[in-house]
file upload-v2.txt (compact mmCIF, C-alpha atoms and all ligand atoms)
# COMPACT_ATOMS: atom_id res chain seq x y z
CA MET A 973 -10.12 66.56 19.09
CA SER A 974 -11.45 64.10 16.60
CA ARG A 975 -11.81 64.01 12.85
CA PHE A 976 -15.37 62.84 13.51
CA TRP A 977 -16.36 66.18 15.04
CA SER A 978 -18.32 68.68 13.00
CA ALA A 979 -16.79 72.08 12.31
CA VAL A 980 -19.24 73.54 14.84
CA VAL A 981 -17.91 71.33 17.64
CA HIS A 982 -14.31 72.28 16.86
CA GLY A 983 -15.21 75.92 17.32
CA LEU A 984 -17.07 75.62 20.66
CA THR A 985 -15.87 76.97 24.00
CA PRO A 986 -18.21 75.18 26.45
CA TYR A 987 -19.41 76.67 29.72
CA VAL A 988 -17.70 75.34 32.84
CA PRO A 989 -20.15 74.98 35.74
CA GLY A 990 -19.05 75.32 39.37
CA GLU A 991 -17.69 72.15 40.87
CA GLN A 992 -20.08 69.56 42.37
CA PRO A 993 -17.61 67.68 44.58
CA LYS A 994 -18.45 64.12 45.59
CA LEU A 995 -17.11 64.61 49.13
CA ASP A 996 -19.34 64.90 52.19
CA GLN A 997 -18.59 67.33 55.00
CA LEU A 998 -17.85 70.22 52.66
CA VAL A 999 -19.12 73.73 53.21
CA LYS A 1000 -20.26 74.20 49.65
CA LEU A 1001 -20.70 77.88 48.86
CA ASN A 1002 -19.75 77.86 45.17
CA THR A 1003 -22.84 77.38 42.98
CA ASN A 1004 -25.58 79.53 44.54
CA GLU A 1005 -27.87 76.72 45.59
CA HIS A 1006 -30.40 77.44 48.32
CA PRO A 1007 -29.22 76.19 51.75
CA TYR A 1008 -32.65 74.96 52.83
CA GLY A 1009 -34.54 72.26 50.99
CA PRO A 1010 -37.52 72.76 48.69
CA SER A 1011 -41.09 73.01 49.92
CA PRO A 1012 -42.13 69.74 51.61
CA ARG A 1013 -45.22 69.90 49.41
CA ALA A 1014 -42.97 69.74 46.34
CA LEU A 1015 -41.24 66.66 47.69
CA GLU A 1016 -44.58 65.00 48.47
CA ALA A 1017 -45.83 65.75 44.97
CA ILE A 1018 -42.67 64.25 43.45
CA HIS A 1019 -43.09 61.10 45.55
CA ALA A 1020 -46.76 60.87 44.58
CA ALA A 1021 -45.81 61.19 40.90
CA THR A 1022 -43.43 58.23 41.23
CA ASN A 1023 -45.96 55.66 40.06
CA ASP A 1024 -46.66 53.46 37.09
CA THR A 1025 -47.88 56.35 34.93
CA LEU A 1026 -44.14 57.02 34.46
CA ARG A 1027 -44.43 54.60 31.58
CA LEU A 1028 -46.29 57.36 29.75
CA TYR A 1029 -44.76 60.50 28.28
CA PRO A 1030 -45.30 63.70 30.26
CA ASP A 1031 -47.54 66.52 29.03
CA PRO A 1032 -45.51 68.09 26.18
CA ASN A 1033 -47.16 71.46 26.84
CA ALA A 1034 -46.73 71.43 30.62
CA ASP A 1035 -50.23 72.91 30.93
CA ALA A 1036 -50.56 72.44 34.71
CA LEU A 1037 -47.26 74.21 35.37
CA LYS A 1038 -48.02 77.05 32.97
CA ALA A 1039 -51.43 77.48 34.65
CA ALA A 1040 -49.88 77.57 38.13
CA LEU A 1041 -47.23 80.11 37.07
CA ALA A 1042 -49.82 82.21 35.22
CA ARG A 1043 -51.99 82.34 38.37
CA ARG A 1044 -48.98 83.24 40.52
CA HIS A 1045 -47.93 86.09 38.22
CA GLY A 1046 -51.32 87.35 37.01
CA LEU A 1047 -50.73 86.34 33.36
CA GLN A 1048 -52.36 84.04 30.82
CA PRO A 1049 -50.84 80.54 30.47
CA ALA A 1050 -49.93 81.36 26.86
CA GLN A 1051 -47.58 84.06 28.19
CA ILE A 1052 -45.46 81.41 29.94
CA PHE A 1053 -42.77 79.15 28.47
CA VAL A 1054 -41.14 76.40 30.57
CA GLY A 1055 -37.91 74.51 30.10
CA ASN A 1056 -35.39 72.12 31.59
CA GLY A 1057 -33.69 74.68 33.82
CA SER A 1058 -33.50 78.32 32.88
CA ASP A 1059 -30.34 77.50 30.94
CA GLU A 1060 -32.48 75.66 28.42
CA VAL A 1061 -34.98 78.53 28.32
CA LEU A 1062 -32.09 80.93 27.70
CA ALA A 1063 -30.63 78.68 25.01
CA HIS A 1064 -33.92 78.64 23.12
CA ALA A 1065 -34.20 82.41 23.52
CA PHE A 1066 -30.74 82.91 21.99
CA MET A 1067 -31.85 80.92 18.97
CA ALA A 1068 -35.43 82.20 18.74
CA LEU A 1069 -35.23 85.85 19.80
CA LEU A 1070 -31.69 87.14 20.32
CA LYS A 1071 -30.05 86.20 17.02
CA HIS A 1072 -30.25 89.09 14.56
CA GLY A 1073 -28.05 90.94 12.05
CA GLN A 1074 -27.18 93.60 14.62
CA PRO A 1075 -25.17 92.41 17.64
CA LEU A 1076 -26.72 91.26 20.90
CA TRP A 1077 -25.61 93.53 23.77
CA PHE A 1078 -24.70 92.27 27.24
CA PRO A 1079 -22.41 93.42 30.08
CA ASP A 1080 -18.67 92.60 30.03
CA ILE A 1081 -19.06 91.03 33.46
CA THR A 1082 -22.09 88.78 33.53
CA TYR A 1083 -23.33 85.20 33.42
CA SER A 1084 -20.60 83.42 31.47
CA PHE A 1085 -23.06 81.20 29.63
CA TYR A 1086 -24.15 84.11 27.39
CA PRO A 1087 -21.01 84.13 25.20
CA VAL A 1088 -21.16 80.32 25.10
CA TYR A 1089 -24.66 80.38 23.59
CA CYS A 1090 -23.49 83.05 21.16
CA GLY A 1091 -20.77 80.63 20.06
CA LEU A 1092 -23.16 77.71 19.79
CA TYR A 1093 -25.81 79.55 17.79
CA GLY A 1094 -23.60 82.03 15.92
CA VAL A 1095 -25.11 85.12 17.54
CA PRO A 1096 -23.13 88.30 16.84
CA HIS A 1097 -22.60 90.13 20.13
CA GLN A 1098 -21.00 93.13 21.76
CA THR A 1099 -20.09 93.46 25.43
CA ILE A 1100 -20.79 96.71 27.26
CA PRO A 1101 -18.44 97.49 30.18
CA LEU A 1102 -20.03 97.88 33.59
CA ALA A 1103 -19.18 101.11 35.43
CA ASP A 1104 -16.17 101.09 37.81
CA ASP A 1105 -18.50 100.29 40.72
CA TYR A 1106 -19.83 97.31 38.73
CA THR A 1107 -23.23 98.87 38.16
CA LEU A 1108 -24.96 98.61 34.81
CA ARG A 1109 -25.45 102.08 33.28
CA THR A 1110 -28.87 102.43 31.71
CA GLU A 1111 -27.63 104.99 29.15
CA ASP A 1112 -25.21 102.43 27.72
CA TYR A 1113 -28.16 100.25 26.73
CA LEU A 1114 -30.15 102.91 24.88
CA PRO A 1115 -29.73 103.42 21.12
CA ARG A 1116 -26.91 105.92 20.58
CA ASP A 1117 -24.82 107.41 17.76
CA GLY A 1118 -27.11 105.71 15.26
CA GLN A 1119 -26.23 102.35 16.86
CA GLN A 1120 -28.94 100.04 18.01
CA ALA A 1121 -28.80 96.61 19.63
CA GLY A 1122 -30.12 93.56 17.75
CA ALA A 1123 -31.32 92.46 21.20
CA ILE A 1124 -30.22 92.90 24.83
CA ILE A 1125 -29.71 90.42 27.67
CA PHE A 1126 -28.61 90.98 31.27
CA PRO A 1127 -29.23 89.29 34.60
CA ASN A 1128 -30.93 91.34 37.30
CA PRO A 1129 -29.47 91.13 39.90
CA ASN A 1130 -26.34 90.72 37.80
CA ALA A 1131 -24.16 87.65 38.22
CA PRO A 1132 -21.56 87.31 39.60
CA THR A 1133 -21.68 90.82 41.10
CA GLY A 1134 -25.08 90.58 42.83
CA ARG A 1135 -25.79 94.22 41.97
CA LEU A 1136 -29.40 95.14 41.27
CA LEU A 1137 -30.66 97.55 38.64
CA PRO A 1138 -33.81 99.25 39.98
CA LEU A 1139 -36.98 98.25 38.14
CA ALA A 1140 -37.53 101.81 36.85
CA GLU A 1141 -34.12 101.59 35.09
CA VAL A 1142 -34.96 98.18 33.63
CA GLU A 1143 -38.14 99.73 32.27
CA ARG A 1144 -36.15 102.61 30.72
CA ILE A 1145 -34.04 100.08 28.82
CA VAL A 1146 -37.10 98.15 27.64
CA ALA A 1147 -39.03 101.29 26.67
CA GLY A 1148 -35.96 102.78 24.98
CA ASN A 1149 -35.49 99.77 22.69
CA PRO A 1150 -38.94 99.15 21.21
CA ASP A 1151 -37.41 97.36 18.20
CA ALA A 1152 -35.21 94.97 20.17
CA VAL A 1153 -36.04 92.09 22.50
CA VAL A 1154 -34.80 92.82 26.02
CA LEU A 1155 -34.31 89.61 28.02
CA VAL A 1156 -34.02 90.13 31.77
CA ASP A 1157 -32.58 87.02 33.44
CA GLU A 1158 -34.04 87.18 36.95
CA ALA A 1159 -32.43 84.01 38.33
CA TYR A 1160 -31.79 85.78 41.66
CA VAL A 1161 -34.52 88.42 41.81
CA ASP A 1162 -36.47 86.78 44.65
CA PHE A 1163 -33.63 87.58 47.06
CA GLY A 1164 -34.14 91.32 46.98
CA GLY A 1165 -35.35 92.79 43.69
CA ASP A 1166 -38.63 93.71 42.06
CA SER A 1167 -39.41 91.46 39.13
CA ALA A 1168 -40.07 92.93 35.69
CA ILE A 1169 -42.78 90.30 35.06
CA PRO A 1170 -45.59 92.81 35.77
CA LEU A 1171 -44.28 94.83 32.79
CA VAL A 1172 -44.71 92.11 30.18
CA ASP A 1173 -48.27 93.14 29.32
CA LYS A 1174 -47.06 96.66 28.63
CA TYR A 1175 -43.97 95.85 26.51
CA PRO A 1176 -44.13 93.31 23.66
CA ASN A 1177 -40.31 93.28 23.50
CA LEU A 1178 -39.74 92.19 27.13
CA LEU A 1179 -38.94 88.59 28.09
CA VAL A 1180 -38.29 87.76 31.75
CA VAL A 1181 -36.62 84.46 32.66
CA HIS A 1182 -36.79 82.77 36.08
CA THR A 1183 -35.41 79.58 37.56
CA PHE A 1184 -36.57 77.12 40.22
CA SER A 1185 -32.90 76.41 41.05
CA LYS A 1186 -32.26 79.26 43.47
CA SER A 1187 -35.18 80.73 45.40
CA ARG A 1188 -37.26 77.53 45.10
CA SER A 1189 -34.33 75.31 46.07
CA LEU A 1190 -34.94 72.86 43.22
CA ALA A 1191 -31.65 73.00 41.28
CA GLY A 1192 -31.69 69.21 41.03
CA LEU A 1193 -35.12 69.15 39.38
CA ARG A 1194 -34.15 71.39 36.41
CA VAL A 1195 -37.03 73.78 35.88
CA GLY A 1196 -37.04 77.32 34.52
CA PHE A 1197 -39.55 79.55 32.78
CA ALA A 1198 -39.98 82.69 30.74
CA ALA A 1199 -42.81 85.22 30.86
CA GLY A 1200 -43.53 87.51 27.94
CA HIS A 1201 -45.79 88.58 25.13
CA LEU A 1202 -47.66 85.81 23.27
CA ALA A 1203 -45.54 86.28 20.14
CA LEU A 1204 -42.26 85.89 22.06
CA ILE A 1205 -43.55 82.75 23.77
CA GLU A 1206 -44.68 81.37 20.43
CA GLY A 1207 -41.17 81.90 19.06
CA LEU A 1208 -39.72 79.94 21.98
CA GLU A 1209 -42.28 77.14 21.53
CA ARG A 1210 -41.32 76.85 17.87
CA VAL A 1211 -37.69 76.25 18.80
CA LYS A 1212 -38.55 73.90 21.69
CA ASN A 1213 -40.83 71.86 19.46
CA SER A 1214 -38.03 71.59 16.92
CA PHE A 1215 -35.66 70.29 19.61
CA ASN A 1216 -37.33 68.19 22.35
CA SER A 1217 -41.08 67.68 22.83
CA TYR A 1218 -40.74 66.70 26.50
CA PRO A 1219 -38.07 68.79 28.24
CA LEU A 1220 -39.77 68.41 31.63
CA GLY A 1221 -40.49 64.97 33.04
CA LYS A 1222 -43.51 64.10 35.15
CA LEU A 1223 -41.56 64.38 38.41
CA ALA A 1224 -40.27 67.83 37.52
CA LEU A 1225 -43.73 69.01 36.50
CA ALA A 1226 -45.36 67.70 39.70
CA GLY A 1227 -42.68 69.16 41.97
CA ALA A 1228 -42.66 72.52 40.22
CA VAL A 1229 -46.45 72.96 40.42
CA ALA A 1230 -46.49 72.13 44.14
CA SER A 1231 -43.59 74.52 44.76
CA VAL A 1232 -45.41 77.39 43.04
CA GLU A 1233 -48.51 76.67 45.09
CA ASP A 1234 -46.62 76.85 48.40
CA GLU A 1235 -46.18 80.62 48.52
CA ALA A 1236 -45.71 80.78 52.30
CA TYR A 1237 -42.77 78.37 52.30
CA PHE A 1238 -41.20 80.20 49.37
CA GLN A 1239 -41.44 83.63 51.01
CA ASP A 1240 -40.19 82.35 54.33
CA SER A 1241 -37.17 80.50 52.93
CA CYS A 1242 -36.12 83.53 50.84
CA ARG A 1243 -36.43 85.78 53.91
CA LYS A 1244 -34.10 83.50 55.87
CA VAL A 1245 -31.43 83.66 53.17
CA ILE A 1246 -31.70 87.45 52.99
CA ALA A 1247 -31.29 87.76 56.77
CA THR A 1248 -28.21 85.50 56.71
CA ARG A 1249 -26.77 87.50 53.81
CA GLU A 1250 -27.04 90.74 55.74
CA THR A 1251 -25.27 89.21 58.76
CA LEU A 1252 -22.55 87.78 56.52
CA VAL A 1253 -21.99 91.12 54.76
CA GLY A 1254 -21.52 92.79 58.17
CA GLN A 1255 -19.07 90.13 59.35
CA LEU A 1256 -16.98 90.18 56.17
CA SER A 1257 -16.89 93.97 56.16
CA ALA A 1258 -15.61 93.84 59.76
CA LEU A 1259 -12.78 91.59 58.51
CA GLY A 1260 -11.79 94.27 55.99
CA PHE A 1261 -13.53 92.85 52.91
CA GLN A 1262 -15.10 95.21 50.40
CA VAL A 1263 -18.47 93.67 49.64
CA LEU A 1264 -20.58 94.82 46.70
CA PRO A 1265 -24.22 95.51 47.61
CA SER A 1266 -26.02 92.24 46.88
CA ALA A 1267 -29.66 91.57 46.07
CA ALA A 1268 -28.90 87.90 45.40
CA ASN A 1269 -28.24 84.72 47.40
CA PHE A 1270 -24.50 85.27 47.03
CA ILE A 1271 -22.09 88.06 47.72
CA PHE A 1272 -19.14 89.33 45.72
CA ALA A 1273 -16.26 90.44 47.92
CA ARG A 1274 -12.58 91.30 47.78
CA HIS A 1275 -9.94 91.89 50.41
CA PRO A 1276 -7.67 94.84 49.63
CA GLU A 1277 -4.59 93.04 51.01
CA ARG A 1278 -5.14 89.44 50.00
CA ASP A 1279 -5.07 87.72 46.66
CA ALA A 1280 -8.47 86.20 45.90
CA ALA A 1281 -7.14 83.00 44.32
CA GLN A 1282 -4.96 82.37 47.38
CA LEU A 1283 -7.90 83.03 49.70
CA ALA A 1284 -10.02 80.57 47.74
CA ALA A 1285 -7.23 77.97 47.94
CA ALA A 1286 -6.81 78.50 51.70
CA LEU A 1287 -10.56 78.07 52.21
CA ARG A 1288 -10.50 74.91 50.15
CA GLU A 1289 -7.80 73.47 52.46
CA ARG A 1290 -10.38 73.96 55.21
CA ALA A 1291 -13.07 72.17 53.14
CA ILE A 1292 -14.89 75.38 52.25
CA ILE A 1293 -15.54 75.96 48.55
CA VAL A 1294 -16.29 79.37 47.07
CA ARG A 1295 -16.10 80.53 43.44
CA HIS A 1296 -13.21 82.50 41.98
CA PHE A 1297 -13.25 83.73 38.38
CA LYS A 1298 -9.93 84.23 36.56
CA GLN A 1299 -11.34 87.09 34.54
CA ALA A 1300 -10.11 90.65 33.99
CA ARG A 1301 -11.67 93.22 36.39
CA ILE A 1302 -12.98 90.59 38.81
CA ASP A 1303 -10.03 88.29 39.50
CA GLN A 1304 -9.58 89.76 42.98
CA PHE A 1305 -13.14 88.91 44.02
CA LEU A 1306 -14.65 85.84 45.60
CA ARG A 1307 -18.24 84.89 44.93
CA ILE A 1308 -19.67 83.36 48.06
CA THR A 1309 -23.07 81.69 48.15
CA VAL A 1310 -25.15 82.50 51.23
CA GLY A 1311 -25.42 79.21 53.11
CA THR A 1312 -27.04 78.39 56.43
CA ASP A 1313 -26.12 80.53 59.45
CA ALA A 1314 -23.85 77.69 60.61
CA GLN A 1315 -22.06 77.42 57.24
CA CYS A 1316 -21.55 81.18 57.13
CA SER A 1317 -20.13 81.17 60.68
CA THR A 1318 -17.68 78.43 59.65
CA LEU A 1319 -16.66 80.54 56.67
CA VAL A 1320 -16.16 83.71 58.72
CA GLN A 1321 -14.13 81.85 61.33
CA ALA A 1322 -11.93 80.29 58.65
CA LEU A 1323 -11.35 83.69 57.01
CA GLN A 1324 -10.47 85.17 60.38
CA GLU A 1325 -7.80 82.48 60.83
CA ILE A 1326 -6.49 82.84 57.29
CA LEU A 1327 -6.22 86.62 57.59
CA ALA A 1328 -4.35 86.28 60.89
CA THR A 1329 -1.55 84.30 59.22
N1 LIG E 1 -29.00 82.65 34.89
C1 LIG E 1 -28.06 82.99 35.79
C2 LIG E 1 -27.68 84.42 35.94
C3 LIG E 1 -27.45 82.00 36.58
O1 LIG E 1 -26.50 82.32 37.46
C4 LIG E 1 -27.84 80.66 36.43
C5 LIG E 1 -27.24 79.56 37.27
N2 LIG E 1 -26.01 79.12 36.86
C6 LIG E 1 -28.81 80.36 35.45
C7 LIG E 1 -29.38 81.38 34.72
C8 LIG E 1 -29.23 78.95 35.14
O2 LIG E 1 -29.90 78.32 36.15
P1 LIG E 1 -30.70 76.97 35.90
O3 LIG E 1 -30.31 76.42 34.56
O4 LIG E 1 -30.31 76.11 37.04
O5 LIG E 1 -32.14 77.36 35.95

call {"tool": "encode", "arguments": {"input": "upload-v2.txt", "output": "structure tokens"}}
result
Amino acid sequence: MSRFWSAVVHGLTPYVPGEQPKLDQLVKLNTNEHPYGPSPRALEAIHAATNDTLRLYPDPNADALKAALARRHGLQPAQIFVGNGSDEVLAHAFMALLKHGQPLWFPDITYSFYPVYCGLYGVPHQTIPLADDYTLRTEDYLPRDGQQAGAIIFPNPNAPTGRLLPLAEVERIVAGNPDAVVLVDEAYVDFGGDSAIPLVDKYPNLLVVHTFSKSRSLAGLRVGFAAGHLALIEGLERVKNSFNSYPLGKLALAGAVASVEDEAYFQDSCRKVIATRETLVGQLSALGFQVLPSAANFIFARHPERDAAQLAAALRERAIIVRHFKQARIDQFLRITVGTDAQCSTLVQALQEILAT
């Protein structure tokens, strides 16, 4: 608290990211990073970009990255917006596209940054409860009883549940709300879902946001992007150009372009994570955990006889970190990032020991 703070700062409830401990030798399964490194071509490109042209500002329009992403997704470069992590892309979207007189709708259990951005930008919002099985019900997102959303946002797969809404259902929500922007946050879609990006030509109200932090294993580089209709992208550019001309540095731009161009590495590294996830789900189920179906690089699981906070604490004593949310409806779950096969074996063995005590 300080008398020097603005009224806005007094009213903020900031987002709390998962811990990034400084210790080595941890099995770190708490922030959904990819267990294998980025494409070697991305690393080479970053090294090559480390030269004396760093004295110059980067391209404010990130043309090379937009072109690479447009080629990859069959769009025009002007349908792509890039930012410093998808969090920044989302932040600009809250300001540019999701703030209206009518409330923004999002699930009661979802990415906890959404209410934070609502607080920062003064976006009226309304949460919509997920079903008892933690699925998102399409009907709840269609205009009803004369009520209509100002805009809609949800992650697909949802976080932290990992549950996927089939693409046909996503399309029903987009088609059913022609007067509202529908933002689909596909941070985890490459681990088992069909992206809605191919629908952006058909629906001028659809914005799809992706990140390089998960499936491209570049969380440290901070790159995210949005794909959508030209008018939506223009709205985002207007906010970005009123905030920071150069959100992506030269190293980030070089690494991101090379990552997008290495499709084989990308596909292969996602496949490995999916295979490990399926093994892990089987092993945890055998230990008595109830595991929600996951299309992400994490799983959401609870043990009917053990308190989740205590399980998380017992794992921590064994240098294994997972995420536990003290939130109604999900406080008996653990969110566990899919690590390497070896990390997941260490986790399963530790849980076996803990459950035996
Ligand atoms: N969306 C969701 C659903 C996430 O879980 C995350 C990661 N915390 C993000 C967006 C942001 O990712 P980044 O800023 O690293 O791109």

call {"tool": "closest_residue", "arguments": {"input": "upload-v2.txt", "among": "A:Ala1268, A:Leu1136, A:Leu1259, A:Val1172", "to": "A:Ala1247", "atoms": "only C-alpha atoms"}}
result
A:Ala1268

call {"tool": "residues_near_ligand", "arguments": {"input": "upload-v2.txt", "ligand": "ligand LIG 1 (chain E)", "cutoff": "9 Å", "atoms": "only C-alpha atoms and all ligand atoms", "output": "ChimeraX atom specification"}}
result
/A:989-990,1003-1005,1055-1062,1082-1085,1126-1132,1157-1160,1181-1186,1190-1197

call {"tool": "residues_around", "arguments": {"input": "upload-v2.txt", "residues": "A:Asp1080", "least_positions_apart": "2", "cutoff": "6 Å", "atoms": "only C-alpha atoms", "output": "NGL selection string"}}
result
:A and (1099-1101)

call {"tool": "closest_residue", "arguments": {"input": "upload-v2.txt", "among": "A:Lys1000, A:Pro1150, A:Ser1189, A:Arg1210", "to": "A:Val1232", "atoms": "only C-alpha atoms"}}
result
A:Ser1189

call {"tool": "closest_residue", "arguments": {"input": "upload-v2.txt", "among": "A:Gln1074, A:Ser1241, A:Ser974, A:Thr985", "to": "A:Val1088", "atoms": "all atoms listed in the file"}}
result
A:Thr985

call {"tool": "closest_residue", "arguments": {"input": "upload-v2.txt", "among": "A:Ile1205, A:Ala1121, A:Ala1328, A:Ala1285", "to": "A:Ile1052", "atoms": "only C-alpha atoms"}}
result
A:Ile1205

call {"tool": "closest_residue", "arguments": {"input": "upload-v2.txt", "among": "A:Arg1044, A:Ser1187, A:Tyr1113, A:Ser1217", "to": "A:Pro1170", "atoms": "only C-alpha atoms"}}
result
A:Arg1044

call {"tool": "atom_distance", "arguments": {"input": "upload-v2.txt", "atom1": "atom CA of A:His1064", "atom2": "atom CA of A:Ala1147"}}
result
23.5 Å

call {"tool": "decode", "arguments": {"input": "upload-v2.txt", "residues": "stretch 1020-1039 of chain A", "atoms": "N, CA, C and O atoms", "output": "CSV table (one decimal), in the first residue's frame"}}
result
chain,number,residue,atom,x,y,z
A,1020,ALA,N,22.2,-17.1,-34.2
A,1020,ALA,CA,22.6,-16.3,-35.3
A,1020,ALA,C,22.1,-14.8,-35.2
A,1020,ALA,O,22.8,-13.9,-35.7
A,1021,ALA,N,21.0,-14.6,-34.5
A,1021,ALA,CA,20.5,-13.3,-34.4
A,1021,ALA,C,21.2,-12.5,-33.3
A,1021,ALA,O,21.0,-11.3,-33.1
A,1022,THR,N,22.1,-13.2,-32.6
A,1022,THR,CA,22.8,-12.5,-31.5
A,1022,THR,C,24.1,-11.8,-32.1
A,1022,THR,O,25.2,-12.4,-32.1
A,1023,ASN,N,23.8,-10.7,-32.8
A,1023,ASN,CA,24.9,-10.0,-33.5
A,1023,ASN,C,24.8,-8.5,-33.3
A,1023,ASN,O,23.9,-8.1,-32.6
A,1024,ASP,N,25.6,-7.8,-34.0
A,1024,ASP,CA,25.6,-6.3,-33.7
A,1024,ASP,C,24.4,-5.6,-34.2
A,1024,ASP,O,24.2,-4.4,-33.9
A,1025,THR,N,23.5,-6.3,-35.0
A,1025,THR,CA,22.3,-5.6,-35.4
A,1025,THR,C,21.3,-5.5,-34.2
A,1025,THR,O,20.3,-4.8,-34.3
A,1026,LEU,N,21.7,-6.0,-33.0
A,1026,LEU,CA,20.9,-5.9,-31.8
A,1026,LEU,C,20.9,-4.4,-31.4
A,1026,LEU,O,20.0,-4.0,-30.6
A,1027,ARG,N,21.8,-3.6,-31.9
A,1027,ARG,CA,21.7,-2.2,-31.6
A,1027,ARG,C,20.5,-1.5,-32.2
A,1027,ARG,O,20.1,-0.4,-31.8
A,1028,LEU,N,20.0,-2.2,-33.2
A,1028,LEU,CA,18.8,-1.6,-33.9
A,1028,LEU,C,17.5,-2.1,-33.3
A,1028,LEU,O,17.5,-3.3,-32.8
A,1029,TYR,N,16.4,-1.4,-33.4
A,1029,TYR,CA,15.1,-1.8,-33.0
A,1029,TYR,C,14.7,-3.0,-33.9
A,1029,TYR,O,15.1,-3.1,-35.1
A,1030,PRO,N,13.9,-3.9,-33.3
A,1030,PRO,CA,13.3,-5.0,-34.2
A,1030,PRO,C,12.2,-4.4,-35.1
A,1030,PRO,O,11.8,-3.3,-34.9
A,1031,ASP,N,11.8,-5.3,-36.0
A,1031,ASP,CA,10.7,-4.9,-36.9
A,1031,ASP,C,9.4,-4.7,-36.1
A,1031,ASP,O,8.9,-5.7,-35.5
A,1032,PRO,N,8.8,-3.5,-36.0
A,1032,PRO,CA,7.7,-3.3,-35.2
A,1032,PRO,C,6.4,-4.1,-35.6
A,1032,PRO,O,5.5,-4.4,-34.8
A,1033,ASN,N,6.4,-4.5,-36.9
A,1033,ASN,CA,5.3,-5.2,-37.4
A,1033,ASN,C,5.5,-6.7,-37.5
A,1033,ASN,O,4.6,-7.4,-37.8
A,1034,ALA,N,6.7,-7.2,-37.1
A,1034,ALA,CA,7.0,-8.6,-37.1
A,1034,ALA,C,6.5,-9.3,-38.4
A,1034,ALA,O,6.0,-10.4,-38.4
A,1035,ASP,N,6.9,-8.7,-39.5
A,1035,ASP,CA,6.4,-9.2,-40.8
A,1035,ASP,C,6.8,-10.6,-41.1
A,1035,ASP,O,6.0,-11.4,-41.6
A,1036,ALA,N,8.1,-10.9,-40.8
A,1036,ALA,CA,8.6,-12.3,-41.1
A,1036,ALA,C,7.8,-13.3,-40.3
A,1036,ALA,O,7.4,-14.4,-40.8
A,1037,LEU,N,7.5,-13.0,-39.0
A,1037,LEU,CA,6.8,-14.0,-38.2
A,1037,LEU,C,5.3,-14.1,-38.7
A,1037,LEU,O,4.8,-15.2,-38.8
A,1038,LYS,N,4.7,-13.0,-39.0
A,1038,LYS,CA,3.3,-13.1,-39.5
A,1038,LYS,C,3.3,-13.8,-40.8
A,1038,LYS,O,2.4,-14.6,-41.0
A,1039,ALA,N,4.3,-13.7,-41.6
A,1039,ALA,CA,4.3,-14.4,-42.9
A,1039,ALA,C,4.4,-15.9,-42.7
A,1039,ALA,O,3.7,-16.7,-43.3
